[in-house]
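The structure appears below as structure tokens.
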Amino acid sequence: MKAVIMAGGKGTRLRPLTCSMPKPMVPVVNRPMMEHVVDLLVAHGFTDLACTLCYMPEAIRSHFGDGSSMGCRITYSVEDTPLGTAGSVRALGDFLDDTFLVISGDALTDIDLASAVAFHREKDAAVTIVLTRVATPLEYGVVIVDDDGRITRFLEKPSWGEVFSDTVNTGIYVLEPEIMRKVSPSCEFDFSKNLFPMLLGEGYPMYGYIADGYWCDIGNLDQYRKTSQDILEGKVGVRIPGDLVDNGIWVSEGAEIGNMAALRPPVVVGAGAKIEAGALVGEYSVVGPSCIIAEGASVLRSILSTGCFIGSGAEAHGAILGSRVSAKAGVSIQEGAVIGSGCSIGERAQVRPGVKIWPDKTVDGGAQISTSLVWGASWSKRLFGLLGVAGLANIEVTPDFAARLGAAYGSCLSNGTLAVSSDVHPVSDMIRRALTSGILSSGMSVAELDPGTTAVARYAVQSLGAGGGVHVRVSPTDRNSTLLEFLDPSGINIDKAIERRIENAFLTEDFKRANPDKAGRAMAVEGTVARYLDAITASVDVDVVRSCRMKVAAGYDRAYVGELISAFCDACGCDLHHVDISQSAWAPSSVADAVAMTRSDLGFLLDRNAERLVLVDETGSSISNEEMLALICVALMTSHRGTTVAVPVTASSSIERLAAAFRGHVVRTQANPRSMMEKAIEARVRMGEANLPHFQPVLDGVFALAVVFEYLAREGSTLSAFAQMAPRSYMAKQIVDCPWEDKGRVMRRLIEETDGEDVQLIDGIKVYGDHGWTLILPDSEEPLFHVYSEAQSQEIAEEIAGIYVSRIAETISDTQMTGGARNM
């Protein structure tokens with residue numbers, strides 16, 4: 001049988017190991033990754049192989065040759081220009097003359113490939129995708145199949161709200177050759193992004209084979225360590241080089257183990273390696289060929305590539321060393337450190353935890369290396385959360401961190417200008433300046449905006465025609481944390497693809513550094529707040545609002561949004577009474593008291609970012625969030641007949657009923673800022689208003705106020721009378737703790753249990769019933785689920801939510817009793 005090995009990957013997330021070799025050649029227990037793949041193919045009868053190459057192709061071609069030494073025949077195809085995964089396979093031409101298998105050359109697996117082919121033939125499939133179950137599917141392509149195994153849906157690297165199954169694409173495919181005629185030869189064409197969705201849409205028989213066995217794509221350094229550990233624990237069926245001389249100890253030919261040297265299993269010692277007297281090689285260590293571990297040295301939980309030297313008394317604990325690394329006497333290489341090939345570490349030097357050192361660097365004796373020798377310390381967790389990048393102010397989000405993040409952002413974009421702003425907090429301003437420096441170092445220029453809010457930054461990015469932007473502010477969930485919100489050219493939060501590019505550049509420290517004469521320039525742009533307010537007031541009938549001379553009581557932090565609110569109320573002709581909340585808790589009661597005392601027409605409360613809004617009517621009663629959202633939608637629909645409003649899946653169904661009454665339209669979105677703004681922009685494009693500034697009232701308290709003010713003025717209504725228009729809604733919300741590794745399994749179980757019911761899969765799982773609806777929404781940043789419900793009474797809403805809370809808890813309990821998932 002024929003198989004194609006895709007081996008063109010650079011492996012950027014495995015740097016610095018892959019700086020000097022392609023990812024398929026990175027050693028896994030002293031054998032290149034791709035050797036394990038070839039072994040698996042030959043074992044299952046695939047002996048006619050083709051290998052697609054791109055990055056450093058000669059390293060692979062010279063190692064494997066014609067394949068005869070491994071019991072197969074290998075031919076090669078080298079991409080001169082990127083063709084995409086499917087495009088590179090299509091380029092093999094006449095080789096693809098029968099059913100064939102495609103597999104990645106840089107993943108580790110022991111899946112039964114012959115059974116996958118048998119399944120493919122039994123189903124008479126055009127395409128079979130080999131699937132496996134994983135605990136956390138976020139970084140993979142989720143594939144949903146029906147009871148017969150036929151594929152019904154693809155989700156490429158989903159958010160938690162889109163994780164409707166825990167079966168993911170392994171990158172192993174069984175294909176019929178005629179399928180490749182569908183691949184466009186004129187552009188990059190991928191299997192998962194292009195070919196498979198197209199075939200599914202055209203009705204081709206596509207099946208998913210859910211395989212047992214081990215699979216890991218070794219996508220980053222943590223997975224690389226874990227894979228090595230899994231092999232030594234016997235969790236994956238691959239061949240470990242060397243003789244099994246004792247339980248859990250493999251020693252290859254020519255290795256020398258000195259007297260009093262200690263090998264603590266499981267360990268692997270490569271050919272020609274030397275372990276001197278008194279040295280210790282401890283559990284989960286792999287010592288590469290021709291390495292020398294000197295007297296008294298200690299190697300624990302570490303991976304050493306070919307030709308490394310660990311000097312007398314030196315330590316490598318939890319480290320990864322590329323080939324030919326020299327660690328001299330007394331050196332300490334600590335947990336999580338990664339050292340590229342050819343580096344020399346001087347005597348008694350210390351390489352601190354998590355440090356990366358790029359190839360061929362020299363570290364002086366006695367030095368203490370706490371930051372990488374490229375551009376600093378690495379970030380150990382995922383950067384982006386729901387709103388952007390957040391961390392403890394000046395502890396996790398430091399000027400150094402911000403400068404590197406700015407360099408990473410600038411490196412992901414072509415030349416142009418980015419708009420950067422912050423709120424007035426001194427740490428926010430400090431981080432803004434550092435971020436700006438990093439962006440300038442990449443060659444991008446920066447438009448420095450006045451201090452303001454995220455909404456002001458969104459407007460400025462649009463109006464300036466910037467290539468994107470960043471707003472730095474105090475986190476809305478923790479006043480001790482700093483949040484950086486990244487915006488695209490439309491002023492909305494960047495998409496996941498850009499997030500991953502920035503994250504990848506940051507984590508691999510692969511920054512673009514401009515020549516001195518090409519460094520970016522910083523330009524001060526003044527008056528952005530005033531222009532934003534002009535655009536807000538131009539979007540409503542401000543003359544009608546001014547004619548009413550409303551009296552309003554407003555609670556806000558004057559230092560942060562005082563100038564903004566004062567100017568807005570002045571533009572609307574309002575008599576403003578300020579309630580200071582800078583030192584107090586978020587309490588609508590203080591505004592209600594002020595409304596009564598000043599006999600105001602209404603009151604409102606705004607947070608430091610003028611984003612979160614609470615309305616108080618003239619009687620001192622607070623308007624609920626659900627009622628306020630419904631009223632804002634009514635106000636928009638009455639001022640623009642036939643308008644479409646975008647609301648999150650968590651909002652009350654009363655909005656649809658109101659929309660029907662006012663001849664408007666509602667579109668439901670995922671519960672995140674980008675989705676809401678994206679749908680709002682699409683609606684404006686349909687209405688022929690694409691060139692106008694786009695504001696989202698759910699995310700912009702000032703615009704929401706302008707819309708409400710306009711409605712009240714035009715209709716001559718009070719806020720309490722307006723609020724009575726909103727249908728009464730009864731909603732419940734509960735939270736269920738759930739370990740990260742169980743989230744995918746819970747989502748899959750709920751999808752199975754609700755099969756045949758009225759289900760909506762926009763964000764999470766929304767189930768409609770006779771008495772209302774329930775939404776099960778996995779949190780993207782915390783190990784928990786949010787359960788929302790709406791019904792005809794509060795009691796029923798609570799009851800329905802409780803049913804699904806119990807279902808989630810039962811699934812978690814069942815998972816823990818059965819030991820959970822096996823694969824990574």
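By order of appearance in the structure tokens: chains A, B, ..., then residues from 1 within every chain, and ligands from 1 in the order shown.
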Per-residue DSSP, segment 297-468 of chain A, filtered to helix (DSSP H, G or I), as a ChimeraX atom specification:
/A:399-411,426-441,454-464
Identify, on the basis of only C-alpha atoms, every residue whose closest approach to segment 142-157 of chain A does not exceed 10 Å; exclude the query and any residue fewer than 6 positions from it along the same chain; express the result as JSON, numbers by chain.
{"A": [119, 123, 125, 127, 128, 129, 130, 131, 132, 133, 134, 163, 164, 165, 166, 167, 168, 169, 170, 192, 193, 196, 197, 200, 201, 204, 205, 206, 207, 208, 209, 210, 496, 497, 748, 752]}
Which distance in Å separates atom CA of Ser290 of chain A and atom CA of Thr227 of chain A, to one decimal?
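Here the two named atoms are 22.6 Å from each other.
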Check which residues of segment 23-81 of chain A sit at most 6 Å from segment 85-108 of chain A using only C-alpha atoms, and return one row each with the closest pair of atoms and their distance in Å to one decimal, ordered by chain and rising number, as a Markdown table.
```
| residue | atom | partner | partner_atom | distance |
| --- | --- | --- | --- | --- |
| A:Pro24 | CA | A:Asp106 | CA | 4.6 |
| A:Met33 | CA | A:Asp106 | CA | 5.7 |
| A:Met34 | CA | A:Gly105 | CA | 4.9 |
```
Atom-to-atom span, atom CA of Leu705 of chain A and atom CA of Val525 of chain A, Å
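Interatomic distance here is 26.4 Å.
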Between A:Ala704, A:Pro265, A:Ile395, A:Phe511, which is the closest to Leu244 of chain A once you count only C-alpha atoms?
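Counting only C-alpha atoms, the residue closest to Leu244 of chain A is A:Pro265.
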What does the structure give for the distance between atom CA of Asp543 of chain A and atom CA of Ile632 of chain A, in Å to one decimal?
19.5 Å
